[in-house]
$ cat run25.txt   # compact mmCIF, C-alpha atoms
# COMPACT_ATOMS: atom_id res chain seq x y z
CA MET A 1 1.47 53.32 -61.21
CA ALA A 2 4.14 55.50 -62.73
CA LYS A 3 6.07 55.46 -65.96
CA GLY A 4 9.33 57.27 -66.61
CA SER A 5 12.87 56.67 -67.69
CA GLY A 6 14.58 59.63 -69.33
CA MET A 7 13.85 63.29 -69.96
CA ILE A 8 12.79 63.63 -66.39
CA GLU A 9 12.80 66.58 -64.06
CA PRO A 10 9.07 66.89 -63.52
CA ASN A 11 7.42 70.09 -62.64
CA MET A 12 4.60 68.36 -63.86
CA ALA A 13 6.21 67.89 -67.31
CA THR A 14 7.35 62.37 -69.98
CA MET A 15 6.57 61.14 -66.48
CA ILE A 16 3.08 59.68 -66.25
CA CYS A 17 1.64 58.68 -62.92
CA MET A 18 -1.79 57.31 -62.03
CA VAL A 19 -2.86 56.79 -58.44
CA THR A 20 -6.11 54.97 -57.66
CA THR A 21 -7.87 54.66 -54.34
CA ASP A 22 -11.13 53.24 -53.08
CA ALA A 23 -11.36 56.12 -50.63
CA ALA A 24 -14.44 58.31 -50.72
CA ILE A 25 -12.98 61.80 -51.13
CA SER A 26 -14.27 64.90 -52.85
CA PRO A 27 -12.63 66.26 -56.03
CA GLU A 28 -11.56 69.42 -54.15
CA ARG A 29 -9.79 67.44 -51.42
CA CYS A 30 -8.21 65.10 -54.04
CA ASP A 31 -6.82 68.09 -55.89
CA GLU A 32 -5.47 69.70 -52.74
CA ALA A 33 -3.95 66.44 -51.43
CA LEU A 34 -2.27 65.62 -54.73
CA ARG A 35 -0.80 69.11 -55.18
CA SER A 36 0.50 69.21 -51.63
CA CYS A 37 2.20 65.79 -51.96
CA CYS A 38 3.86 66.40 -55.35
CA ARG A 39 6.41 69.00 -54.28
CA THR A 40 8.32 66.55 -52.10
CA THR A 41 7.78 63.47 -54.29
CA LEU A 42 7.31 63.57 -58.09
CA ASN A 43 8.49 67.17 -58.39
CA ALA A 44 11.53 66.31 -56.25
CA LEU A 45 12.93 64.00 -58.91
CA THR A 46 15.46 64.55 -61.67
CA ILE A 47 16.86 61.80 -63.90
CA ASP A 48 18.76 64.07 -66.26
CA GLY A 49 17.63 67.63 -65.58
CA GLU A 50 15.41 67.50 -68.67
CA MET A 51 11.90 68.77 -68.07
CA SER A 52 9.54 67.07 -70.49
CA THR A 53 6.59 68.63 -72.29
CA ASN A 54 3.99 66.29 -70.88
CA ASP A 55 4.43 64.94 -67.37
CA CYS A 56 1.18 64.24 -65.63
CA VAL A 57 -0.17 62.74 -62.48
CA PHE A 58 -3.78 61.64 -61.93
CA LEU A 59 -5.51 60.67 -58.73
CA LEU A 60 -8.72 58.68 -59.19
CA ALA A 61 -10.96 57.91 -56.23
CA ASN A 62 -14.04 55.69 -56.69
CA GLY A 63 -15.27 55.58 -53.11
CA ALA A 64 -15.64 51.76 -53.29
CA SER A 65 -14.36 51.51 -49.70
CA GLY A 66 -17.81 52.51 -48.56
CA MET A 67 -16.27 54.93 -46.04
CA PRO A 68 -17.83 58.37 -45.45
CA MET A 69 -16.86 60.96 -48.06
CA ILE A 70 -13.86 63.14 -47.11
CA THR A 71 -14.82 66.70 -47.95
CA GLU A 72 -13.19 68.74 -45.17
CA PRO A 73 -9.49 69.13 -44.18
CA ASP A 74 -10.03 66.97 -41.09
CA GLU A 75 -8.15 64.08 -39.50
CA HIS A 76 -9.39 61.64 -42.19
CA TYR A 77 -8.03 63.95 -44.86
CA ASP A 78 -4.68 64.23 -43.02
CA ARG A 79 -4.47 60.44 -42.87
CA PHE A 80 -5.27 60.24 -46.61
CA CYS A 81 -2.52 62.79 -47.34
CA THR A 82 0.02 60.83 -45.29
CA LEU A 83 -0.75 57.62 -47.22
CA LEU A 84 -0.76 59.44 -50.58
CA GLN A 85 2.63 60.96 -49.70
CA GLU A 86 4.01 57.46 -48.96
CA VAL A 87 2.69 56.05 -52.24
CA LEU A 88 4.06 58.96 -54.30
CA ALA A 89 7.44 58.86 -52.50
CA GLU A 90 7.79 55.15 -53.29
CA LEU A 91 6.82 55.72 -56.95
CA THR A 92 9.34 58.58 -57.13
CA ARG A 93 12.15 56.33 -55.84
CA LYS A 94 11.14 53.66 -58.36
CA ILE A 95 11.21 56.11 -61.28
CA ALA A 96 14.73 57.10 -60.18
CA MET A 97 15.75 53.39 -60.12
CA ASP A 98 14.29 53.05 -63.64
CA GLY A 99 16.25 56.08 -64.91
CA GLU A 100 17.81 55.56 -68.32
CA GLY A 101 20.99 53.54 -67.84
CA ALA A 102 20.82 53.86 -64.05
CA THR A 103 22.45 51.27 -61.80
CA ARG A 104 21.18 52.84 -58.55
CA ALA A 105 18.89 55.51 -57.16
CA ILE A 106 20.34 58.49 -55.29
CA SER A 107 18.54 60.41 -52.59
CA VAL A 108 20.02 63.84 -51.84
CA THR A 109 18.93 65.41 -48.57
CA VAL A 110 19.98 68.91 -47.58
CA GLN A 111 19.41 69.84 -43.94
CA ASN A 112 19.85 72.92 -41.77
CA ALA A 113 19.29 75.27 -44.69
CA ARG A 114 18.04 78.81 -44.20
CA THR A 115 14.78 78.12 -46.10
CA THR A 116 13.05 75.16 -47.74
CA ASP A 117 13.62 76.80 -51.15
CA GLN A 118 17.35 77.03 -50.43
CA ALA A 119 17.44 73.40 -49.21
CA GLU A 120 15.70 72.34 -52.43
CA GLN A 121 17.96 74.49 -54.60
CA ALA A 122 21.11 72.96 -53.06
CA ALA A 123 19.74 69.39 -53.19
CA ARG A 124 18.71 69.87 -56.83
CA ALA A 125 22.17 71.22 -57.72
CA VAL A 126 23.80 68.10 -56.23
CA ALA A 127 21.22 65.80 -57.88
CA ASN A 128 21.82 67.40 -61.28
CA SER A 129 25.61 67.38 -60.98
CA LEU A 130 27.13 65.15 -63.67
CA LEU A 131 30.24 64.80 -61.50
CA VAL A 132 28.27 63.59 -58.46
CA LYS A 133 26.20 61.22 -60.61
CA THR A 134 29.28 59.71 -62.28
CA ALA A 135 31.03 59.47 -58.86
CA VAL A 136 28.15 57.35 -57.51
CA TYR A 137 28.34 55.20 -60.66
CA GLY A 138 32.07 54.77 -59.88
CA LYS A 139 31.23 53.99 -56.19
CA ASP A 140 33.35 56.94 -55.06
CA PRO A 141 32.21 58.98 -52.01
CA ASN A 142 33.45 62.15 -53.67
CA TRP A 143 32.40 64.80 -51.16
CA GLY A 144 34.43 67.46 -52.99
CA ARG A 145 32.03 67.25 -55.93
CA VAL A 146 29.08 67.46 -53.55
CA ILE A 147 30.21 70.58 -51.70
CA SER A 148 31.34 72.17 -54.95
CA ALA A 149 27.80 71.76 -56.34
CA VAL A 150 26.31 73.11 -53.12
CA GLY A 151 28.65 76.10 -53.16
CA ALA A 152 27.93 76.90 -56.82
CA SER A 153 24.18 76.73 -56.14
CA GLY A 154 24.48 80.02 -54.26
CA VAL A 155 22.70 79.03 -51.05
CA SER A 156 23.63 80.32 -47.63
CA LEU A 157 25.97 77.99 -45.75
CA ASN A 158 28.29 77.98 -42.74
CA SER A 159 31.49 76.35 -43.97
CA LYS A 160 32.61 75.59 -40.40
CA ALA A 161 29.41 73.64 -39.74
CA LEU A 162 29.20 71.92 -43.12
CA SER A 163 28.89 68.14 -43.01
CA VAL A 164 28.41 65.46 -45.66
CA GLN A 165 27.42 61.82 -45.37
CA PHE A 166 27.52 59.17 -48.08
CA ALA A 167 25.24 56.20 -47.41
CA GLY A 168 24.97 57.32 -43.78
CA ILE A 169 28.74 57.43 -43.26
CA PRO A 170 30.19 60.86 -42.35
CA VAL A 171 32.93 61.99 -44.75
CA VAL A 172 32.93 65.70 -43.87
CA LEU A 173 32.31 67.00 -40.33
CA GLY A 174 32.48 70.62 -39.19
CA GLY A 175 33.74 71.72 -42.60
CA ALA A 176 36.67 69.28 -42.70
CA ALA A 177 37.24 65.82 -44.16
CA CYS A 178 36.98 63.05 -41.57
CA SER A 179 38.30 59.51 -41.62
CA TYR A 180 36.06 56.53 -42.28
CA SER A 181 36.40 52.84 -42.93
CA ARG A 182 37.04 52.31 -46.63
CA ASP A 183 35.76 48.72 -46.39
CA GLN A 184 32.54 49.84 -44.76
CA MET A 185 32.09 52.55 -47.42
CA ASP A 186 32.78 50.12 -50.31
CA GLN A 187 30.10 47.86 -48.93
CA ALA A 188 27.62 50.70 -48.36
CA LEU A 189 28.06 52.09 -51.90
CA LYS A 190 26.90 48.79 -53.42
CA ALA A 191 23.35 49.41 -52.19
CA GLU A 192 20.40 49.87 -54.56
CA THR A 193 19.75 53.36 -53.17
CA ILE A 194 22.56 55.71 -52.14
CA THR A 195 21.75 58.53 -49.74
CA ILE A 196 23.81 61.71 -49.76
CA THR A 197 23.13 64.01 -46.83
CA VAL A 198 24.46 67.55 -46.57
CA GLU A 199 24.10 69.79 -43.52
CA LEU A 200 24.51 73.48 -44.28
CA GLY A 201 24.51 74.81 -40.71
CA SER A 202 22.65 77.96 -41.63
CA GLY A 203 19.08 77.27 -40.52
CA THR A 204 16.50 74.59 -39.83
CA ALA A 205 14.90 73.86 -43.23
CA SER A 206 15.43 70.67 -45.22
CA ALA A 207 14.52 69.10 -48.58
CA ARG A 208 15.14 65.88 -50.45
CA ILE A 209 15.62 65.37 -54.20
CA TRP A 210 15.71 61.99 -55.95
CA THR A 211 17.95 61.12 -58.88
CA CYS A 212 20.06 58.23 -60.25
CA ASP A 213 23.65 57.70 -61.33
CA LEU A 214 24.90 58.70 -64.80
CA THR A 215 26.35 55.76 -66.72
CA HIS A 216 27.70 54.58 -70.07
CA ASP A 217 24.25 53.16 -70.82
CA TYR A 218 22.60 56.61 -70.51
CA ILE A 219 24.96 57.82 -73.25
CA THR A 220 24.32 54.75 -75.41
CA ILE A 221 20.53 55.04 -75.09
CA ASN A 222 20.47 58.75 -75.91
CA ALA A 223 23.20 58.84 -78.57
CA GLU A 224 21.84 55.86 -80.50
CA TYR A 225 18.24 57.06 -80.43
CA THR A 226 17.53 58.73 -83.76
CA THR A 227 14.67 61.01 -84.74
CA MET B 1 46.86 80.13 -73.32
CA ALA B 2 44.01 78.33 -71.62
CA LYS B 3 43.66 75.12 -69.71
CA GLY B 4 40.44 73.25 -69.10
CA SER B 5 38.80 69.94 -69.60
CA GLY B 6 36.08 69.06 -67.09
CA MET B 7 34.20 70.76 -64.25
CA ILE B 8 33.68 73.74 -66.49
CA GLU B 9 30.96 76.34 -66.54
CA PRO B 10 33.10 79.37 -65.74
CA ASN B 11 31.73 82.36 -64.06
CA MET B 12 35.14 82.85 -63.43
CA ALA B 13 35.49 79.48 -61.57
CA THR B 14 39.17 74.90 -62.96
CA MET B 15 39.56 76.90 -66.13
CA ILE B 16 42.83 78.84 -66.20
CA CYS B 17 43.53 81.33 -68.94
CA MET B 18 46.51 83.62 -69.46
CA VAL B 19 46.55 86.23 -72.23
CA THR B 20 49.74 88.13 -72.98
CA THR B 21 50.18 91.14 -75.20
CA ASP B 22 52.97 93.52 -76.10
CA ALA B 23 50.45 96.35 -76.25
CA ALA B 24 51.01 99.36 -74.03
CA ILE B 25 47.76 99.62 -72.11
CA SER B 26 46.97 100.85 -68.62
CA PRO B 27 45.85 98.45 -65.87
CA GLU B 28 42.43 100.16 -65.74
CA ARG B 29 41.83 99.67 -69.48
CA CYS B 30 43.13 96.05 -69.27
CA ASP B 31 40.66 95.29 -66.49
CA GLU B 32 37.76 96.90 -68.35
CA ALA B 33 38.62 95.19 -71.65
CA LEU B 34 39.01 91.76 -70.08
CA ARG B 35 35.77 91.99 -68.10
CA SER B 36 33.82 93.18 -71.11
CA CYS B 37 35.13 90.36 -73.33
CA CYS B 38 34.60 87.50 -70.84
CA ARG B 39 30.80 87.48 -70.84
CA THR B 40 30.59 86.37 -74.47
CA THR B 41 33.69 84.16 -74.45
CA LEU B 42 35.01 82.33 -71.36
CA ASN B 43 31.84 82.87 -69.35
CA ALA B 44 29.79 81.64 -72.33
CA LEU B 45 31.21 78.13 -72.03
CA THR B 46 29.92 75.02 -70.31
CA ILE B 47 31.52 71.58 -70.59
CA ASP B 48 29.34 69.87 -68.01
CA GLY B 49 27.46 72.58 -66.15
CA GLU B 50 29.89 72.27 -63.25
CA MET B 51 31.19 75.57 -61.99
CA SER B 52 34.62 75.07 -60.46
CA THR B 53 36.01 76.74 -57.39
CA ASN B 54 38.97 78.34 -59.08
CA ASP B 55 38.61 79.50 -62.68
CA CYS B 56 40.76 82.46 -63.50
CA VAL B 57 41.82 84.59 -66.40
CA PHE B 58 44.82 86.93 -66.47
CA LEU B 59 45.74 89.57 -69.01
CA LEU B 60 49.38 90.66 -68.93
CA ALA B 61 50.56 93.61 -71.02
CA ASN B 62 54.27 94.50 -71.11
CA GLY B 63 54.16 97.38 -73.58
CA ALA B 64 57.08 95.89 -75.57
CA SER B 65 55.38 96.98 -78.81
CA GLY B 66 56.66 100.47 -78.13
CA MET B 67 53.24 101.89 -79.07
CA PRO B 68 51.76 104.79 -77.08
CA MET B 69 50.05 103.71 -73.84
CA ILE B 70 46.28 103.14 -74.13
CA THR B 71 44.70 104.84 -71.15
CA GLU B 72 41.41 106.20 -72.54
CA PRO B 73 38.40 104.39 -74.10
CA ASP B 74 39.38 105.63 -77.56
CA GLU B 75 39.67 104.00 -80.99
CA HIS B 76 42.93 102.24 -80.01
CA TYR B 77 41.18 100.77 -77.00
CA ASP B 78 38.25 99.62 -79.19
CA ARG B 79 40.69 97.93 -81.56
CA PHE B 80 42.40 96.26 -78.60
CA CYS B 81 39.02 95.00 -77.32
CA THR B 82 38.12 93.58 -80.74
CA LEU B 83 41.36 91.63 -80.92
CA LEU B 84 41.10 90.47 -77.29
CA GLN B 85 37.55 89.28 -78.01
CA GLU B 86 38.83 87.25 -81.00
CA VAL B 87 41.61 85.65 -78.94
CA LEU B 88 39.28 84.77 -76.06
CA ALA B 89 36.60 83.43 -78.42
CA GLU B 90 39.13 81.13 -80.07
CA LEU B 91 40.43 79.93 -76.68
CA THR B 92 36.84 79.31 -75.57
CA ARG B 93 36.14 77.15 -78.64
CA LYS B 94 39.37 75.23 -78.01
CA ILE B 95 38.47 74.55 -74.35
CA ALA B 96 35.13 73.18 -75.60
CA MET B 97 36.97 70.92 -78.08
CA ASP B 98 39.19 69.73 -75.19
CA GLY B 99 36.16 68.95 -72.98
CA GLU B 100 36.43 65.67 -71.13
CA GLY B 101 35.58 62.88 -73.56
CA ALA B 102 34.39 65.35 -76.22
CA THR B 103 34.46 64.40 -79.90
CA ARG B 104 33.31 67.84 -81.10
CA ALA B 105 32.60 71.38 -79.98
CA ILE B 106 29.06 72.75 -80.09
CA SER B 107 28.17 76.39 -80.52
CA VAL B 108 24.61 77.27 -79.53
CA THR B 109 23.33 80.61 -80.79
CA VAL B 110 19.94 81.96 -79.81
CA GLN B 111 18.65 84.86 -81.89
CA ASN B 112 15.62 87.15 -81.87
CA ALA B 113 15.19 86.86 -78.13
CA ARG B 114 13.46 89.54 -76.08
CA THR B 115 16.64 90.39 -74.11
CA THR B 116 20.30 89.35 -74.10
CA ASP B 117 19.74 87.70 -70.72
CA GLN B 118 16.90 85.61 -72.18
CA ALA B 119 19.00 84.70 -75.24
CA GLU B 120 21.79 83.59 -72.92
CA GLN B 121 19.41 81.69 -70.64
CA ALA B 122 17.93 79.74 -73.60
CA ALA B 123 21.35 79.09 -75.18
CA ARG B 124 22.73 77.89 -71.83
CA ALA B 125 19.73 75.57 -71.33
CA VAL B 126 20.39 73.95 -74.76
CA ALA B 127 24.14 73.79 -74.12
CA ASN B 128 23.61 72.10 -70.74
CA SER B 129 21.00 69.64 -72.05
CA LEU B 130 22.28 66.07 -71.70
CA LEU B 131 19.84 65.04 -74.45
CA VAL B 132 21.14 67.65 -76.92
CA LYS B 133 24.76 66.80 -76.09
CA THR B 134 24.21 63.04 -76.55
CA ALA B 135 22.27 63.73 -79.79
CA VAL B 136 25.27 65.57 -81.23
CA TYR B 137 27.50 62.68 -80.13
CA GLY B 138 25.10 60.37 -82.03
CA LYS B 139 25.14 62.75 -85.06
CA ASP B 140 21.38 63.23 -84.81
CA PRO B 141 19.88 66.67 -85.62
CA ASN B 142 17.34 66.20 -82.85
CA TRP B 143 15.51 69.52 -82.91
CA GLY B 144 12.82 68.22 -80.56
CA ARG B 145 15.38 68.07 -77.77
CA VAL B 146 16.55 71.58 -78.63
CA ILE B 147 13.14 73.23 -78.55
CA SER B 148 12.18 71.26 -75.46
CA ALA B 149 15.22 72.70 -73.65
CA VAL B 150 14.39 76.19 -74.91
CA GLY B 151 10.77 75.84 -73.79
CA ALA B 152 11.72 74.56 -70.34
CA SER B 153 14.15 77.47 -69.91
CA GLY B 154 11.15 79.75 -69.51
CA VAL B 155 12.13 82.43 -72.04
CA SER B 156 9.64 84.33 -74.15
CA LEU B 157 9.18 82.80 -77.62
CA ASN B 158 6.79 82.94 -80.55
CA SER B 159 6.11 79.30 -81.44
CA LYS B 160 4.88 80.29 -84.95
CA ALA B 161 8.18 82.05 -85.67
CA LEU B 162 10.46 79.48 -84.02
CA SER B 163 13.23 78.14 -86.22
CA VAL B 164 16.15 75.77 -85.63
CA GLN B 165 19.25 75.07 -87.72
CA PHE B 166 21.77 72.27 -87.22
CA ALA B 167 25.16 72.97 -88.81
CA GLY B 168 23.54 75.74 -90.87
CA ILE B 169 20.80 73.47 -92.25
CA PRO B 170 17.22 74.47 -91.34
CA VAL B 171 15.29 71.67 -89.61
CA VAL B 172 12.47 73.79 -88.14
CA LEU B 173 11.00 76.82 -89.90
CA GLY B 174 8.06 78.94 -88.69
CA GLY B 175 7.41 76.57 -85.82
CA ALA B 176 7.17 73.42 -87.99
CA ALA B 177 9.58 70.69 -89.03
CA CYS B 178 10.95 71.20 -92.54
CA SER B 179 12.53 68.73 -94.93
CA TYR B 180 16.26 68.60 -95.54
CA SER B 181 18.78 66.40 -97.29
CA ARG B 182 19.75 63.58 -94.95
CA ASP B 183 23.02 63.04 -96.87
CA GLN B 184 23.95 66.70 -96.57
CA MET B 185 23.12 66.62 -92.83
CA ASP B 186 25.13 63.43 -92.22
CA GLN B 187 28.10 65.10 -93.85
CA ALA B 188 27.63 68.37 -91.94
CA LEU B 189 27.38 66.63 -88.56
CA LYS B 190 30.84 65.12 -88.98
CA ALA B 191 32.44 68.56 -88.57
CA GLU B 192 34.76 69.41 -85.69
CA THR B 193 32.40 72.17 -84.53
CA ILE B 194 28.61 71.86 -84.74
CA THR B 195 26.53 75.02 -84.69
CA ILE B 196 22.98 74.95 -83.40
CA THR B 197 21.00 78.11 -84.11
CA VAL B 198 17.60 78.87 -82.63
CA GLU B 199 15.43 81.86 -83.54
CA LEU B 200 12.83 82.70 -80.93
CA GLY B 201 10.90 85.35 -82.88
CA SER B 202 10.23 87.47 -79.82
CA GLY B 203 12.79 90.28 -80.09
CA THR B 204 16.16 91.29 -81.45
CA ALA B 205 18.69 90.14 -78.83
CA SER B 206 21.08 87.24 -79.30
CA ALA B 207 23.73 85.23 -77.43
CA ARG B 208 26.06 82.33 -78.03
CA ILE B 209 27.15 79.61 -75.59
CA TRP B 210 29.90 77.07 -76.26
CA THR B 211 29.85 73.45 -75.17
CA CYS B 212 30.81 69.95 -76.37
CA ASP B 213 29.09 66.61 -76.85
CA LEU B 214 28.55 64.18 -73.98
CA THR B 215 30.15 60.79 -74.61
CA HIS B 216 30.99 57.40 -73.12
CA ASP B 217 34.49 58.74 -72.42
CA TYR B 218 33.13 61.53 -70.17
CA ILE B 219 31.47 58.85 -68.04
CA THR B 220 34.64 56.71 -67.99
CA ILE B 221 36.86 59.65 -67.00
CA ASN B 222 34.57 60.80 -64.22
CA ALA B 223 33.43 57.41 -62.89
CA GLU B 224 36.92 55.93 -62.76
CA TYR B 225 38.48 58.98 -61.09
CA THR B 226 38.74 58.24 -57.37
CA THR B 227 39.35 60.61 -54.49

$ encode --input "run25.txt" --output "structure tokens"
Amino acid sequence: MAKGSGMIEPNMATMICMVTTDAAISPERCDEALRSCCRTTLNALTIDGEMSTNDCVFLLANGASGMPMITEPDEHYDRFCTLLQEVLAELTRKIAMDGEGATRAISVTVQNARTTDQAEQAARAVANSLLVKTAVYGKDPNWGRVISAVGASGVSLNSKALSVQFAGIPVVLGGAACSYSRDQMDQALKAETITITVELGSGTASARIWTCDLTHDYITINAEYTT
Amino acid sequence: MAKGSGMIEPNMATMICMVTTDAAISPERCDEALRSCCRTTLNALTIDGEMSTNDCVFLLANGASGMPMITEPDEHYDRFCTLLQEVLAELTRKIAMDGEGATRAISVTVQNARTTDQAEQAARAVANSLLVKTAVYGKDPNWGRVISAVGASGVSLNSKALSVQFAGIPVVLGGAACSYSRDQMDQALKAETITITVELGSGTASARIWTCDLTHDYITINAEYTT
């Protein structure tokens, strides 16, 4: 279960998430599993770049499954982590879909970065770009706004190897714009979740950040709200 | 002369500015003066947090005043810098007023910070906050959004000494909300330029960043624009 809508760029900061399981797992392993899964799920989400004062995520395990207690980082623990990661990733996507005023979720993946930190930094820059978020609202595969955000983020990139895909359709290949079917793109950009994929060509690391489009309703909700 | 409207958080990056003078001043002094004045003027501006690929500022001096050439960092040079600073500050405010969809300019000043860098970091966080910018659009002196942005920026602050003013009217004093005249505030928030002042209570440094409110028209302009 997760709640969120605006003021969201968790680092655990208004997002509230509660995960329950009937697994038998020790508090130490729960803590470790939850922390390790948050970086690529709940902490890889930004609705509006606004870190709140009180995000939180809880994992409660009651052991009702009757299975043996997981206390060591063994194969049972790895399996638990994989499932927890899937649950948190799905909740993260749903919070993005619920973003204030949002009409669709956006998943930004940066690949072939020099380091994971750089991949995350570039993906977060694209996800927090007002121009990218309004372009998706306008159903425009505006790759110029994407590579501008990536460039301004300061990460290492090989401009001759740079590629960008909107909804799985290549729009930039080898650092140059490429042709695509406008009809196919129009159709693809109507989806509930839009993926933007950027390849930097400077390494092997990757990261994904979740966000949503920026719409008239976001402005209405946040301009009409009064303290 | 300056041009700008969207995609603006210069570090010199779509902002174009041209300053002309009939002063007689050497190229070296022009370069030094312009660089020293940009940090607190053109580079202290963000319309939408989007650094462009091609901001630029030029200073052209033709010496037509017939005054002696300024070549040394003397009192004439200091006077020139003061005037250049005033011109650039006014142009900066005007670019903010011209921001895409903007109804008003916002000046964010952070005072009593530990360092100038921290003052700038906190002021930039407030100026780039979508929640602060929509609050100003909604004429709401939402200090909670301001101090949340300051807190998330990671700068050093003394919560017991924290104060916030909207349009010169204190709304937070000594870390606590204070009462104010709602009528007076309503009137003040109709101004063309809204000042937000934050005192951190952790030092003596200060900085100011210019921005504008975030409105329905920004969304319309940037969602309807198609590549």

$ interface_residues --input "run25.txt" --of "chain A" --to "chain B" --cutoff "10 Å" --atoms "only C-alpha atoms" --output "ChimeraX atom specification"
/A:6-7,11,13,48-53,125,128-145,148-149,151-153,213-227

$ atom_distance --input "run25.txt" --atom1 "atom CA of A:Cys212" --atom2 "atom CA of A:Ala188"
16.0 Å

$ atom_distance --input "run25.txt" --atom1 "atom CA of B:Asp98" --atom2 "atom CA of B:Thr195"
16.7 Å

$ closest_residue --input "run25.txt" --among "A:Ile47, A:Ile196, A:Ala191, A:Leu83" --to "A:Glu100" --atoms "all atoms listed in the file"
A:Ile47

$ residues_around --input "run25.txt" --residues "B:Tyr77" --least-positions-apart "5" --cutoff "10 Å" --atoms "only C-alpha atoms" --output "list in words"
Ile25, Arg29, Cys30, Ala33, Met69, Ile70, Thr71, Glu72, Thr82 and Leu83 of chain B

$ residues_around --input "run25.txt" --residues "B:Ser159" --least-positions-apart "4" --cutoff "9 Å" --atoms "all atoms listed in the file" --output "count of residues only"
6

$ atom_distance --input "run25.txt" --atom1 "atom CA of A:Leu162" --atom2 "atom CA of A:Ala44"
22.7 Å

$ closest_residue --input "run25.txt" --among "A:Leu88, A:Leu60, A:Ala23, A:Ala127" --to "A:Arg208" --atoms "all atoms listed in the file"
A:Ala127

$ residues_near_point --input "run25.txt" --point "(-1.9, 58.8, -62.3)" --cutoff "8 Å" --atoms "all atoms listed in the file" --output "list in words"
Met1, Ala2, Ile16, Cys17, Met18, Val19, Thr20, Cys56, Val57, Phe58, Leu59 and Leu60 of chain A

$ closest_residue --input "run25.txt" --among "B:Leu42, B:Ala61, B:Ala205, B:Met97" --to "B:Ser156" --atoms "only C-alpha atoms"
B:Ala205

$ closest_residue --input "run25.txt" --among "B:Leu189, B:Ala96, B:Leu45, B:Ala207" --to "B:Ala119" --atoms "only C-alpha atoms"
B:Ala207

$ closest_residue --input "run25.txt" --among "B:Gln85, B:Gln121, B:Thr21, B:Ser179" --to "B:Met67" --atoms "all atoms listed in the file"
B:Thr21
